[in-house]
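Data file: query.csv. Format and content: CSV, C-alpha atoms.
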chain,number,residue,atom,x,y,z
X,1,MET,CA,-13.2,-6.2,-6.5
X,2,SER,CA,-12.5,-2.7,-5.2
X,3,ASN,CA,-11.5,-2.1,-1.6
X,4,LEU,CA,-13.1,1.3,-1.1
X,5,GLN,CA,-12.8,3.0,2.3
X,6,GLU,CA,-14.6,6.2,1.8
X,7,THR,CA,-16.9,7.7,4.5
X,8,SER,CA,-20.1,6.2,3.0
X,9,ASP,CA,-18.5,2.7,2.9
X,10,LEU,CA,-18.1,2.6,6.7
X,11,GLU,CA,-21.9,2.2,7.0
X,12,ASN,CA,-22.5,0.2,3.8
X,13,THR,CA,-21.9,-3.2,5.5
X,14,VAL,CA,-23.2,-6.7,5.4
X,15,ALA,CA,-23.0,-9.7,7.7
X,16,VAL,CA,-20.5,-12.4,6.6
X,17,SER,CA,-19.7,-15.7,8.1
X,18,ALA,CA,-16.7,-15.3,10.4
X,19,ARG,CA,-15.1,-18.5,9.1
X,20,ARG,CA,-15.3,-17.4,5.4
X,21,PHE,CA,-12.0,-15.4,5.6
X,22,GLU,CA,-8.8,-15.5,7.6
X,23,GLU,CA,-9.0,-14.1,11.1
X,24,SER,CA,-6.3,-11.8,12.4
X,25,PRO,CA,-4.2,-13.3,15.2
X,26,PHE,CA,-4.3,-9.9,16.9
X,27,ILE,CA,-8.1,-9.6,17.2
X,28,GLU,CA,-8.0,-10.3,20.9
X,29,ARG,CA,-6.1,-7.0,21.3
X,30,THR,CA,-7.7,-4.9,18.6
X,31,GLY,CA,-11.4,-6.1,18.4
X,32,SER,CA,-14.2,-3.8,19.5
X,33,PRO,CA,-18.0,-3.7,19.1
X,34,ASP,CA,-17.6,-0.6,16.9
X,35,MET,CA,-15.2,-2.2,14.5
X,36,VAL,CA,-16.1,-2.3,10.8
X,37,ARG,CA,-14.0,-4.8,9.0
X,38,GLY,CA,-13.0,-5.3,5.4
X,39,VAL,CA,-11.6,-8.2,3.4
X,40,TYR,CA,-8.4,-8.0,1.5
X,41,ALA,CA,-6.3,-10.9,0.1
X,42,GLY,CA,-8.8,-13.2,1.8
X,43,ARG,CA,-8.1,-11.7,5.2
X,44,TYR,CA,-10.2,-9.6,7.6
X,45,PHE,CA,-8.8,-6.2,8.7
X,46,PRO,CA,-10.1,-3.2,10.5
X,47,ILE,CA,-11.2,-0.3,8.3
X,48,TYR,CA,-12.8,1.6,11.1
X,49,ALA,CA,-13.0,1.1,14.9
X,50,GLY,CA,-15.2,4.0,15.9
X,51,GLU,CA,-12.2,6.2,16.6
X,52,ASP,CA,-11.6,9.9,15.9
X,53,TRP,CA,-9.9,9.2,12.6
X,54,VAL,CA,-8.7,12.8,12.3
X,55,GLY,CA,-7.0,12.6,15.7
X,56,LYS,CA,-5.4,9.2,14.6
X,57,TYR,CA,-4.3,10.9,11.4
X,58,TRP,CA,-2.4,13.5,13.3
X,59,THR,CA,-0.9,10.9,15.7
X,60,LEU,CA,0.4,9.2,12.5
X,61,ARG,CA,1.9,12.4,11.2
X,62,ARG,CA,3.3,13.6,14.6
X,63,GLN,CA,4.1,10.4,16.6
X,64,ALA,CA,3.2,6.9,15.3
X,65,LEU,CA,0.4,4.4,14.7
X,66,ILE,CA,0.4,0.6,14.6
X,67,PHE,CA,-1.8,-1.0,12.0
X,68,ASP,CA,-2.9,-4.6,11.6
X,69,VAL,CA,-2.8,-4.9,7.8
X,70,PRO,CA,-3.9,-7.7,5.5
X,71,GLU,CA,-1.2,-7.6,2.8
X,72,LYS,CA,-0.1,-11.2,2.3
X,73,PRO,CA,3.4,-12.5,1.8
X,74,VAL,CA,3.7,-15.4,-0.6
X,75,GLU,CA,7.0,-17.4,-0.7
X,76,ILE,CA,8.7,-18.3,-3.9
X,77,SER,CA,11.7,-20.7,-3.4
X,78,GLY,CA,13.8,-23.2,-5.1
X,79,PRO,CA,16.7,-23.5,-7.7
X,80,ASP,CA,14.6,-21.6,-10.4
X,81,ALA,CA,13.2,-18.9,-8.1
X,82,VAL,CA,15.1,-16.2,-10.0
X,83,PRO,CA,14.3,-17.1,-13.6
X,84,PHE,CA,10.7,-17.7,-12.5
X,85,LEU,CA,10.4,-14.3,-10.9
X,86,GLU,CA,12.0,-12.7,-14.0
X,87,LYS,CA,9.2,-14.3,-16.0
X,88,VAL,CA,6.2,-13.3,-13.8
X,89,LEU,CA,7.4,-9.8,-12.7
X,90,ALA,CA,8.1,-6.8,-14.8
X,91,ARG,CA,11.0,-5.7,-12.5
X,92,ARG,CA,14.5,-7.2,-12.8
X,93,VAL,CA,15.1,-9.3,-9.7
X,94,ALA,CA,18.4,-11.2,-10.6
X,95,THR,CA,20.5,-8.3,-9.4
X,96,MET,CA,18.7,-7.9,-6.1
X,97,THR,CA,20.9,-8.4,-3.0
X,98,GLU,CA,19.8,-10.3,0.1
X,99,GLY,CA,17.8,-8.0,2.3
X,100,ARG,CA,16.7,-5.7,-0.5
X,101,GLY,CA,13.1,-5.0,-1.4
X,102,TYR,CA,11.7,-3.8,-4.7
X,103,TYR,CA,8.2,-2.5,-5.6
X,104,SER,CA,7.3,-4.7,-8.5
X,105,ILE,CA,4.3,-5.3,-10.8
X,106,ALA,CA,3.0,-8.5,-12.4
X,107,CYS,CA,1.3,-7.9,-15.7
X,108,THR,CA,-1.4,-9.9,-17.6
X,109,PRO,CA,-0.4,-11.2,-21.0
X,110,ARG,CA,-2.2,-8.2,-22.5
X,111,GLY,CA,-0.1,-5.8,-20.5
X,112,GLY,CA,-2.6,-4.9,-17.8
X,113,VAL,CA,-1.8,-4.6,-14.1
X,114,PHE,CA,-2.6,-7.9,-12.5
X,115,MET,CA,-0.8,-7.4,-9.1
X,116,ASP,CA,1.5,-5.0,-7.4
X,117,GLY,CA,3.5,-5.5,-4.3
X,118,VAL,CA,7.0,-5.6,-2.8
X,119,VAL,CA,9.4,-8.5,-3.5
X,120,PHE,CA,12.1,-9.2,-0.9
X,121,ARG,CA,15.1,-11.4,-1.3
X,122,LEU,CA,15.5,-13.4,1.9
X,123,ALA,CA,18.2,-15.8,0.6
X,124,GLU,CA,19.8,-16.7,-2.7
X,125,ASP,CA,16.9,-18.9,-3.8
X,126,ARG,CA,14.1,-17.7,-1.4
X,127,PHE,CA,11.9,-14.7,-2.0
X,128,TRP,CA,8.7,-13.2,-0.5
X,129,TYR,CA,6.3,-11.2,-2.6
X,130,VAL,CA,4.0,-9.2,-0.4
X,131,GLN,CA,1.0,-9.0,-2.5
X,132,ALA,CA,-1.9,-6.6,-2.7
X,133,ASP,CA,-5.5,-7.9,-3.2
X,134,GLY,CA,-6.1,-10.7,-5.7
X,135,PRO,CA,-5.5,-14.4,-6.3
X,136,LEU,CA,-1.7,-14.3,-6.6
X,137,GLU,CA,-0.9,-17.8,-5.3
X,138,ALA,CA,-3.1,-19.5,-7.9
X,139,TRP,CA,-1.7,-17.3,-10.7
X,140,LEU,CA,1.9,-18.0,-9.7
X,141,THR,CA,1.2,-21.7,-9.5
X,142,ALA,CA,-0.4,-21.7,-13.0
X,143,HIS,CA,2.7,-20.1,-14.5
X,144,SER,CA,5.2,-22.3,-12.7
X,145,GLY,CA,5.3,-25.2,-15.1
X,146,GLY,CA,8.8,-26.0,-16.3
X,147,PHE,CA,10.4,-24.2,-13.3
X,148,ASP,CA,11.9,-25.9,-10.2
X,149,VAL,CA,10.1,-23.7,-7.7
X,150,THR,CA,7.8,-24.0,-4.8
X,151,VAL,CA,5.0,-21.4,-4.3
X,152,SER,CA,3.8,-21.4,-0.7
X,153,ASP,CA,2.0,-19.5,2.0
X,154,PRO,CA,4.3,-18.8,5.0
X,155,GLY,CA,1.2,-17.8,7.1
X,156,SER,CA,2.7,-14.4,7.8
X,157,ARG,CA,0.5,-11.6,9.2
X,158,VAL,CA,1.9,-8.1,8.8
X,159,LEU,CA,2.0,-5.2,11.3
X,160,GLN,CA,2.9,-1.7,10.2
X,161,ILE,CA,4.4,0.9,12.6
X,162,GLN,CA,4.3,4.2,10.8
X,163,GLY,CA,5.1,7.8,11.7
X,164,PRO,CA,8.1,9.9,12.7
X,165,ALA,CA,8.6,8.1,16.0
X,166,SER,CA,8.7,4.7,14.3
X,167,MET,CA,12.5,4.6,14.2
X,168,ASP,CA,12.8,5.1,17.9
X,169,ILE,CA,10.1,2.6,18.6
X,170,LEU,CA,11.7,-0.2,16.5
X,171,GLY,CA,15.0,0.7,18.1
X,172,ALA,CA,13.5,0.1,21.5
X,173,ALA,CA,11.7,-3.1,20.3
X,174,THR,CA,15.0,-4.6,18.9
X,175,ASP,CA,17.3,-3.5,21.7
X,176,GLY,CA,19.0,-1.0,19.4
X,177,ALA,CA,19.5,-3.4,16.5
X,178,ILE,CA,17.4,-1.2,14.2
X,179,ASP,CA,18.5,2.4,13.8
X,180,GLY,CA,19.1,5.0,11.2
X,181,ALA,CA,21.6,2.9,9.4
X,182,MET,CA,18.7,0.8,8.0
X,183,LYS,CA,17.8,2.4,4.8
X,184,TYR,CA,14.4,2.7,2.9
X,185,PHE,CA,13.4,-0.6,1.3
X,186,ARG,CA,15.9,-2.6,3.2
X,187,SER,CA,15.0,-5.6,5.4
X,188,GLY,CA,16.3,-8.4,7.6
X,189,TYR,CA,15.7,-10.7,10.6
X,190,PHE,CA,15.7,-9.0,14.0
X,191,GLY,CA,15.1,-10.1,17.6
X,192,ILE,CA,11.9,-8.5,18.8
X,193,GLY,CA,10.9,-9.3,22.4
X,194,GLY,CA,12.6,-12.7,22.2
X,195,GLN,CA,11.2,-13.7,18.8
X,196,GLU,CA,13.2,-13.6,15.5
X,197,LEU,CA,11.1,-11.8,12.9
X,198,TYR,CA,11.5,-10.3,9.5
X,199,VAL,CA,11.3,-6.5,9.4
X,200,SER,CA,11.4,-4.1,6.4
X,201,ARG,CA,11.6,-0.3,6.3
X,202,THR,CA,8.6,0.1,4.2
X,203,GLY,CA,4.9,0.9,4.6
X,204,PHE,CA,1.7,2.2,3.0
X,205,THR,CA,1.6,5.8,4.3
X,206,ASN,CA,4.6,7.6,2.9
X,207,GLU,CA,5.6,8.3,6.4
X,208,LEU,CA,8.8,7.0,8.0
X,209,GLY,CA,7.9,3.5,8.9
X,210,PHE,CA,8.4,-0.2,9.2
X,211,GLU,CA,6.6,-3.5,8.6
X,212,ILE,CA,7.0,-6.6,10.8
X,213,TYR,CA,6.2,-10.0,9.3
X,214,CYS,CA,5.0,-12.7,11.7
X,215,ASP,CA,6.3,-16.3,11.1
X,216,GLY,CA,3.1,-18.3,10.9
X,217,ALA,CA,2.2,-20.6,13.8
X,218,THR,CA,5.7,-20.2,15.4
X,219,THR,CA,5.0,-16.6,16.4
X,220,ASP,CA,3.4,-15.7,19.7
X,221,HIS,CA,1.3,-12.9,18.2
X,222,LEU,CA,-0.2,-11.6,21.5
X,223,ALA,CA,3.2,-11.4,23.1
X,224,LEU,CA,4.6,-9.6,20.1
X,225,TRP,CA,1.7,-7.1,20.2
X,226,ASP,CA,2.2,-6.4,23.9
X,227,HIS,CA,5.9,-6.0,23.5
X,228,LEU,CA,5.4,-3.5,20.6
X,229,MET,CA,2.8,-1.5,22.5
X,230,ALA,CA,5.0,-1.3,25.6
X,231,CYS,CA,7.9,0.0,23.4
X,232,GLY,CA,5.6,2.4,21.5
X,233,GLY,CA,3.7,3.8,24.5
X,234,PRO,CA,6.5,6.2,25.6
X,235,HIS,CA,6.6,7.6,22.1
X,236,GLY,CA,2.9,8.2,21.8
X,237,MET,CA,2.1,5.2,19.5
X,238,GLU,CA,-1.5,4.1,19.3
X,239,PHE,CA,-3.4,1.4,17.5
X,240,SER,CA,-5.6,2.5,14.6
X,241,SER,CA,-7.9,1.0,12.0
X,242,THR,CA,-6.8,1.6,8.5
X,243,ARG,CA,-8.9,4.7,8.0
X,244,ALA,CA,-6.0,7.1,8.8
X,245,LEU,CA,-3.7,4.9,6.7
X,246,THR,CA,-6.1,5.2,3.7
X,247,VAL,CA,-6.2,9.0,3.9
X,248,ARG,CA,-2.4,9.2,4.2
X,249,ARG,CA,-1.7,6.7,1.4
X,250,ILE,CA,-3.8,8.8,-1.0
X,251,GLU,CA,-2.1,12.0,0.0
X,252,GLY,CA,1.2,10.1,-0.6
X,253,GLY,CA,0.2,9.0,-4.1
X,254,ILE,CA,0.1,5.3,-3.3
X,255,LEU,CA,-2.2,3.3,-5.6
X,256,GLY,CA,-4.5,0.5,-4.5
X,257,ASN,CA,-4.7,-2.6,-6.7
X,258,LEU,CA,-8.2,-3.3,-8.0
X,259,THR,CA,-9.3,0.1,-6.7
X,260,ASP,CA,-7.1,2.7,-8.5
X,261,MET,CA,-5.7,0.3,-11.1
X,262,ASP,CA,-6.7,-3.1,-12.5
X,263,PRO,CA,-6.1,-5.4,-15.5
X,264,THR,CA,-7.8,-3.0,-17.9
X,265,MET,CA,-5.0,-0.5,-17.2
X,266,THR,CA,-1.3,-0.7,-18.2
X,267,PRO,CA,1.4,0.2,-15.7
X,268,PHE,CA,2.1,3.1,-18.0
X,269,GLU,CA,-1.4,4.4,-17.8
X,270,ALA,CA,-1.1,4.1,-14.0
X,271,GLY,CA,2.0,6.3,-14.0
X,272,LEU,CA,4.3,3.5,-13.1
X,273,ALA,CA,6.5,3.3,-16.1
X,274,ARG,CA,9.6,3.7,-14.0
X,275,PHE,CA,9.0,0.2,-12.4
X,276,ILE,CA,8.8,-1.6,-15.8
X,277,ASP,CA,12.2,-2.9,-17.0
X,278,MET,CA,11.5,-3.4,-20.7
X,279,ASP,CA,15.2,-4.1,-21.4
X,280,LYS,CA,15.5,-7.0,-19.0
X,281,GLY,CA,14.3,-9.7,-21.3
X,282,ASP,CA,11.0,-11.5,-21.7
X,283,PHE,CA,8.3,-11.3,-19.0
X,284,ILE,CA,4.6,-11.8,-19.0
X,285,GLY,CA,3.0,-8.8,-20.7
X,286,ARG,CA,6.2,-7.5,-22.3
X,287,ASP,CA,5.1,-8.0,-25.9
X,288,ALA,CA,1.8,-6.3,-25.2
X,289,LEU,CA,3.6,-3.3,-23.6
X,290,ALA,CA,6.2,-2.9,-26.4
X,291,GLY,CA,5.4,0.2,-28.4
X,292,ARG,CA,2.6,1.3,-26.1
X,293,ASP,CA,2.0,5.0,-25.2
X,294,THR,CA,3.9,5.5,-21.9
X,295,ARG,CA,2.1,8.6,-20.9
X,296,PRO,CA,-0.1,8.3,-17.7
X,297,CYS,CA,-3.9,8.5,-17.5
X,298,LEU,CA,-4.1,8.6,-13.7
X,299,PHE,CA,-3.6,11.8,-11.8
X,300,GLY,CA,-4.4,13.6,-8.6
X,301,LEU,CA,-7.5,15.8,-8.2
X,302,THR,CA,-8.2,18.5,-5.6
X,303,CYS,CA,-11.5,20.1,-4.7
X,304,GLU,CA,-12.1,23.0,-2.3
X,305,GLY,CA,-15.9,22.5,-2.0
X,306,ALA,CA,-16.4,18.7,-1.6
X,307,ILE,CA,-14.8,15.3,-1.2
X,308,PRO,CA,-14.3,13.3,-4.4
X,309,SER,CA,-16.3,10.1,-4.5
X,310,ALA,CA,-15.3,6.8,-6.2
X,311,GLY,CA,-17.1,6.3,-9.5
X,312,CYS,CA,-18.1,9.9,-10.1
X,313,SER,CA,-17.6,11.5,-13.5
X,314,VAL,CA,-15.1,14.2,-14.2
X,315,LEU,CA,-16.2,16.6,-17.0
X,316,ASP,CA,-14.5,18.9,-19.4
X,317,GLY,CA,-17.4,21.1,-20.3
X,318,ASP,CA,-20.3,18.7,-20.7
X,319,ALA,CA,-18.1,15.8,-21.9
X,320,ALA,CA,-17.2,13.1,-19.4
X,321,VAL,CA,-13.4,12.6,-19.7
X,322,GLY,CA,-12.6,10.6,-16.5
X,323,ARG,CA,-13.8,9.1,-13.3
X,324,ILE,CA,-12.8,9.2,-9.7
X,325,THR,CA,-11.2,6.0,-8.3
X,326,ALA,CA,-10.9,7.1,-4.7
X,327,GLY,CA,-11.5,10.2,-2.7
X,328,VAL,CA,-10.8,11.4,0.9
X,329,PRO,CA,-10.5,14.6,2.9
X,330,SER,CA,-6.9,15.8,3.4
X,331,PRO,CA,-6.4,17.2,6.9
X,332,THR,CA,-2.9,18.5,5.9
X,333,LEU,CA,-4.1,20.3,2.8
X,334,GLY,CA,-7.6,21.2,4.0
X,335,LEU,CA,-9.0,20.0,0.7
X,336,GLY,CA,-10.9,17.1,-0.8
X,337,ILE,CA,-8.5,15.0,-2.8
X,338,GLY,CA,-8.7,11.9,-4.9
X,339,TYR,CA,-7.5,10.1,-8.0
X,340,VAL,CA,-8.9,10.6,-11.4
X,341,ARG,CA,-8.5,8.1,-14.2
X,342,PHE,CA,-8.9,9.7,-17.7
X,343,GLY,CA,-10.0,7.8,-20.8
X,344,ALA,CA,-6.8,8.9,-22.6
X,345,PRO,CA,-3.5,10.5,-21.8
X,346,GLY,CA,-3.1,14.2,-22.3
X,347,ASP,CA,-2.0,17.5,-20.8
X,348,TRP,CA,-4.3,17.2,-17.9
X,349,VAL,CA,-2.2,18.6,-15.1
X,350,GLY,CA,-3.3,22.1,-14.2
X,351,ARG,CA,-6.6,21.8,-15.9
X,352,ARG,CA,-9.7,23.1,-14.1
X,353,LEU,CA,-12.5,20.6,-14.7
X,354,ARG,CA,-15.8,19.7,-13.0
X,355,MET,CA,-17.0,16.7,-10.9
X,356,ASP,CA,-20.5,15.3,-10.5
X,357,LEU,CA,-21.3,13.9,-7.1
X,358,PRO,CA,-24.0,11.3,-6.3
X,359,ASP,CA,-26.1,13.9,-4.6
X,360,GLY,CA,-26.5,15.7,-7.9
X,361,THR,CA,-24.1,18.6,-7.1
X,362,ARG,CA,-21.3,19.7,-9.4
X,363,HIS,CA,-18.0,21.1,-8.2
X,364,ALA,CA,-14.9,22.7,-9.6
X,365,VAL,CA,-11.8,20.5,-9.4
X,366,GLU,CA,-8.1,20.9,-10.4
X,367,VAL,CA,-5.9,18.1,-11.8
X,368,VAL,CA,-2.5,17.8,-10.1
X,369,GLU,CA,0.6,15.7,-10.1
X,370,LEU,CA,1.0,12.9,-7.6
X,371,PRO,CA,1.8,12.7,-4.8
X,372,PHE,CA,-0.1,15.7,-3.4
X,373,TYR,CA,2.9,16.9,-1.4
X,374,ASP,CA,6.4,15.8,-0.5
X,375,ARG,CA,7.2,14.8,-4.1
X,376,GLU,CA,10.8,14.3,-3.3
X,377,LYS,CA,9.8,11.7,-0.7
X,378,LYS,CA,11.9,13.3,2.0
X,379,ILE,CA,9.5,12.2,4.8
X,380,VAL,CA,9.4,8.5,4.0
X,381,ARG,CA,13.2,8.4,3.4
X,382,GLY,CA,13.8,10.0,6.7
X,383,VAL,CA,15.4,13.2,5.3
X,384,ASP,CA,12.6,15.4,6.6
X,385,ARG,CA,12.2,14.5,10.3
X,386,SER,CA,10.3,17.6,11.2
X,387,ILE,CA,7.0,17.2,13.1
X,388,PRO,CA,4.1,18.9,11.2
X,389,GLU,CA,1.9,21.3,13.1
X,390,ARG,CA,-1.7,20.3,13.5
X,391,PRO,CA,-4.0,23.0,12.2
X,392,SER,CA,-6.2,24.6,14.8
X,393,HIS,CA,-9.3,24.7,12.7
Can the structure from this file be put into structure tokens for me?
Amino acid sequence: MSNLQETSDLENTVAVSARRFEESPFIERTGSPDMVRGVYAGRYFPIYAGEDWVGKYWTLRRQALIFDVPEKPVEISGPDAVPFLEKVLARRVATMTEGRGYYSIACTPRGGVFMDGVVFRLAEDRFWYVQADGPLEAWLTAHSGGFDVTVSDPGSRVLQIQGPASMDILGAATDGAIDGAMKYFRSGYFGIGGQELYVSRTGFTNELGFEIYCDGATTDHLALWDHLMACGGPHGMEFSSTRALTVRRIEGGILGNLTDMDPTMTPFEAGLARFIDMDKGDFIGRDALAGRDTRPCLFGLTCEGAIPSAGCSVLDGDAAVGRITAGVPSPTLGLGIGYVRFGAPGDWVGRRLRMDLPDGTRHAVEVVELPFYDREKKIVRGVDRSIPERPSH
């Protein structure tokens, strides 16, 4: 099931029973009659709240936004937590230190991408895997036979504070405990407004940012929200739906599971070969990946005349060679951008191709490397702390 958030999707809605999926504990602070909500990992989340999303986008790039996101932590604990995770994940975890996070992929037995997310080591035999969309808990449980492990749901809802002011906001929220010494993809427990919560320096925007993980029923969610808003207000932080986040994650080259990649695609085809540790020993999907072509089939695409739309064909002459998985307008680049998945690897970067849109129009497009800018990741690593200018047009 794709989780598309293009402009047309904001009006393509249906009524769903409010008890069918997990409600956000922050809805009393974030809900509005204009809100359009999506479902991800079995949880409701705001994909649009009637706001000026371009204005929110520039607040994200120049100050900070707070997002109520649906990514779901799953806990794996017990004496065999490490060997179990070595089996189900394609990334080596045995060498992880406590407080470290790794982006890691779980593959199907045929080598396809089943799940992606970030695994954190909270203790020697306790890990959280913050999953993307999909039935991860059932899959982990199905593969846990023979291992002394417990797979459980800690009931953690996640907040993201993203943008150049996020470091100062988290510093204020933790009475100075979080500062520039906390590196990218590091994590730990911190006191936030009188509550002890797990925090990681990660996010889904490729901006400097943090994620705050609630602790199930023990967290006073509304008090947490009010504390964070009070700390963020002086720095210009605002609440936003995930519309601005979606645009920024595509600019940043971040892929969405089941939208941009799925079990029919290997991590190599998705351009994620660097996250597959083929030399670590056996893991689910390793045999199927051995000897496979490691060249990617997924690239960026830019268009000066239109916004790419998911599902549209990309043509080389009159031959369809790929399809769009997601497309958005980029306020920073002033272009339509998106991801294109080709049917086979090749020398696609730099090629000028054509795109057919649902309205019957055809537009010139160019294939580019990902991400669309800041390829050295200086922004997210905090090396580039400059505030971008907002274009006047």
Practice task
Name all residues at most 8 Å from Met35 (chain X) (count only C-alpha atoms; drop same-chain ones fewer than 2 positions away) and give them as a PyMOL selection string.
Solution key: chain X and resi 31-33+37+46-50
Exercise for the section: Could you tell me how far CA of Ala326 (chain X) lies from CA of Val247 (chain X), in Å and to one decimal? Expected result: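 Taking CA of Ala326 (chain X) and CA of Val247 (chain X), their separation equals 10.0 Å.
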Please provide as a PDB file with C-alpha atoms, in the frame of the given file all residues within 12 Å of Trp225 (chain X), with the sequence filter that same-chain residues fewer than 6 positions apart are discarded (counting all atoms listed in the file).
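Final output, saved to part_39.pdb:
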ATOM      1  CA  PRO X  25      -4.200 -13.300  15.200  1.00  0.00           C
ATOM      2  CA  PHE X  26      -4.300  -9.900  16.900  1.00  0.00           C
ATOM      3  CA  ILE X  27      -8.100  -9.600  17.200  1.00  0.00           C
ATOM      4  CA  GLU X  28      -8.000 -10.300  20.900  1.00  0.00           C
ATOM      5  CA  ARG X  29      -6.100  -7.000  21.300  1.00  0.00           C
ATOM      6  CA  THR X  30      -7.700  -4.900  18.600  1.00  0.00           C
ATOM      7  CA  ILE X  66       0.400   0.600  14.600  1.00  0.00           C
ATOM      8  CA  PHE X  67      -1.800  -1.000  12.000  1.00  0.00           C
ATOM      9  CA  ASP X  68      -2.900  -4.600  11.600  1.00  0.00           C
ATOM     10  CA  ARG X 157       0.500 -11.600   9.200  1.00  0.00           C
ATOM     11  CA  VAL X 158       1.900  -8.100   8.800  1.00  0.00           C
ATOM     12  CA  LEU X 159       2.000  -5.200  11.300  1.00  0.00           C
ATOM     13  CA  GLN X 160       2.900  -1.700  10.200  1.00  0.00           C
ATOM     14  CA  ILE X 161       4.400   0.900  12.600  1.00  0.00           C
ATOM     15  CA  ALA X 173      11.700  -3.100  20.300  1.00  0.00           C
ATOM     16  CA  ILE X 192      11.900  -8.500  18.800  1.00  0.00           C
ATOM     17  CA  GLY X 193      10.900  -9.300  22.400  1.00  0.00           C
ATOM     18  CA  GLN X 195      11.200 -13.700  18.800  1.00  0.00           C
ATOM     19  CA  ILE X 212       7.000  -6.600  10.800  1.00  0.00           C
ATOM     20  CA  CYS X 214       5.000 -12.700  11.700  1.00  0.00           C
ATOM     21  CA  THR X 219       5.000 -16.600  16.400  1.00  0.00           C
ATOM     22  CA  CYS X 231       7.900   0.000  23.400  1.00  0.00           C
ATOM     23  CA  GLY X 232       5.600   2.400  21.500  1.00  0.00           C
ATOM     24  CA  GLY X 233       3.700   3.800  24.500  1.00  0.00           C
ATOM     25  CA  GLU X 238      -1.500   4.100  19.300  1.00  0.00           C
ATOM     26  CA  PHE X 239      -3.400   1.400  17.500  1.00  0.00           C
TER      27      PHE X 239
END
Problem - Shell of 10 Å around Phe299 (chain X), all atoms listed in the file, local chain residues under 6 positions omitted, as a list in words - result: Gly253, Glu269, Ala270, Gly271, Ile324, Gly338, Tyr339, Val340, Arg341, Phe342, Trp348, Val349, Val367, Val368, Glu369, Leu370, Pro371 and Phe372 of chain X
Handout entry: Between CA of Gly42 (chain X) and CA of Phe21 (chain X) - distance in Å to one decimal
Key =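 So the answer is 5.4 Å.
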Practice task
Point out the residue among X:Ser241, X:Asn257, X:Thr202, X:Thr294 with the least atom-to-atom distance to Arg274 (chain X), counting only C-alpha atoms.
Solution key: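 Smallest distance to Arg274 (chain X) is found for X:Thr294.
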Handout entry: Distance in Å - CA of Gly38 (chain X) versus CA of Met261 (chain X)
Key =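 Taking CA of Gly38 (chain X) and CA of Met261 (chain X), their separation equals 18.9 Å.
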Handout entry: Best match for closeness to Ala64 (chain X) among X:Met229, X:Val130, X:Ala106, X:Ala123, counting all atoms listed in the file
Key =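 Going through X:Met229, X:Val130, X:Ala106, X:Ala123 one by one, the smallest distance to Ala64 (chain X) is for X:Met229.
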Handout entry: Among listed residues X:Pro79, X:Lys280, X:Gly188, X:Asp133, nearest Thr95 (chain X) (using only C-alpha atoms)
Key =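 Selected residue with least distance to Thr95 (chain X): X:Lys280.
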Exercise for the section: Go through X:Ser144, X:Ser24, X:Ser313, X:Thr59 one by one, measure the shortest atom-to-atom distance of each to Ile76 (chain X) using all atoms listed in the file, and give the residue with the smallest value. Expected result: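 For Ile76 (chain X), the nearest of the given residues is X:Ser144.
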Handout entry: Exercise: residues within 12 Å of coordinate (13.6, -7.4, -9.1), counting only C-alpha atoms, as a PyMOL selection string
Key = chain X and resi 81-98+100-106+117-121+127-129+275-277+280+283
Practice task
Find the residue from X:Asp279, X:Asp220, X:Asp116, X:Glu207 that sits nearest to Pro388 (chain X); use all atoms listed in the file when measuring.
Solution key: X:Glu207
Handout entry: Of the listed residues X:Gly171, X:Gly134, X:Pro267, X:Gly155, that which approaches Gly111 (chain X) most closely, counting only C-alpha atoms
Key =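 Of X:Gly171, X:Gly134, X:Pro267, X:Gly155, the one nearest Gly111 (chain X), counting only C-alpha atoms, is X:Pro267.
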Practice task
Do a neighbour search on Arg62 (chain X) at 10 Å with all atoms listed in the file, toss out local chain neighbours closer than 2 positions, and write the hits as a list of chain:residue names.
Solution key: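 My reading of the contact set: X:Lys56, X:Tyr57, X:Trp58, X:Thr59, X:Leu60, X:Ala64, X:Leu65, X:Gly163, X:Pro164, X:Ala165, X:Gly236, X:Met237, X:Arg385, X:Ser386, X:Ile387, X:Pro388, X:Glu389, X:Arg390.
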Would you list the residues near (-19.7, 9.3, -9.2), meaning any protein, DNA or RNA residue with an atom at most 12 Å from that point in file coordinates, counting all atoms listed in the file, as a short mmCIF file (atom, residue, chain, number, x, y, z; two decimals) with C-alpha atoms, keeping the file's coordinate frame?
data_model
loop_
_atom_site.label_atom_id
_atom_site.label_comp_id
_atom_site.auth_asym_id
_atom_site.auth_seq_id
_atom_site.Cartn_x
_atom_site.Cartn_y
_atom_site.Cartn_z
CA ILE X 307 -14.80 15.30 -1.20
CA PRO X 308 -14.30 13.30 -4.40
CA SER X 309 -16.30 10.10 -4.50
CA ALA X 310 -15.30 6.80 -6.20
CA GLY X 311 -17.10 6.30 -9.50
CA CYS X 312 -18.10 9.90 -10.10
CA SER X 313 -17.60 11.50 -13.50
CA VAL X 314 -15.10 14.20 -14.20
CA LEU X 315 -16.20 16.60 -17.00
CA ALA X 320 -17.20 13.10 -19.40
CA GLY X 322 -12.60 10.60 -16.50
CA ARG X 323 -13.80 9.10 -13.30
CA ILE X 324 -12.80 9.20 -9.70
CA THR X 325 -11.20 6.00 -8.30
CA ALA X 326 -10.90 7.10 -4.70
CA GLY X 327 -11.50 10.20 -2.70
CA VAL X 340 -8.90 10.60 -11.40
CA ARG X 354 -15.80 19.70 -13.00
CA MET X 355 -17.00 16.70 -10.90
CA ASP X 356 -20.50 15.30 -10.50
CA LEU X 357 -21.30 13.90 -7.10
CA PRO X 358 -24.00 11.30 -6.30
CA ASP X 359 -26.10 13.90 -4.60
CA GLY X 360 -26.50 15.70 -7.90
CA THR X 361 -24.10 18.60 -7.10
CA ARG X 362 -21.30 19.70 -9.40
CA HIS X 363 -18.00 21.10 -8.20
#
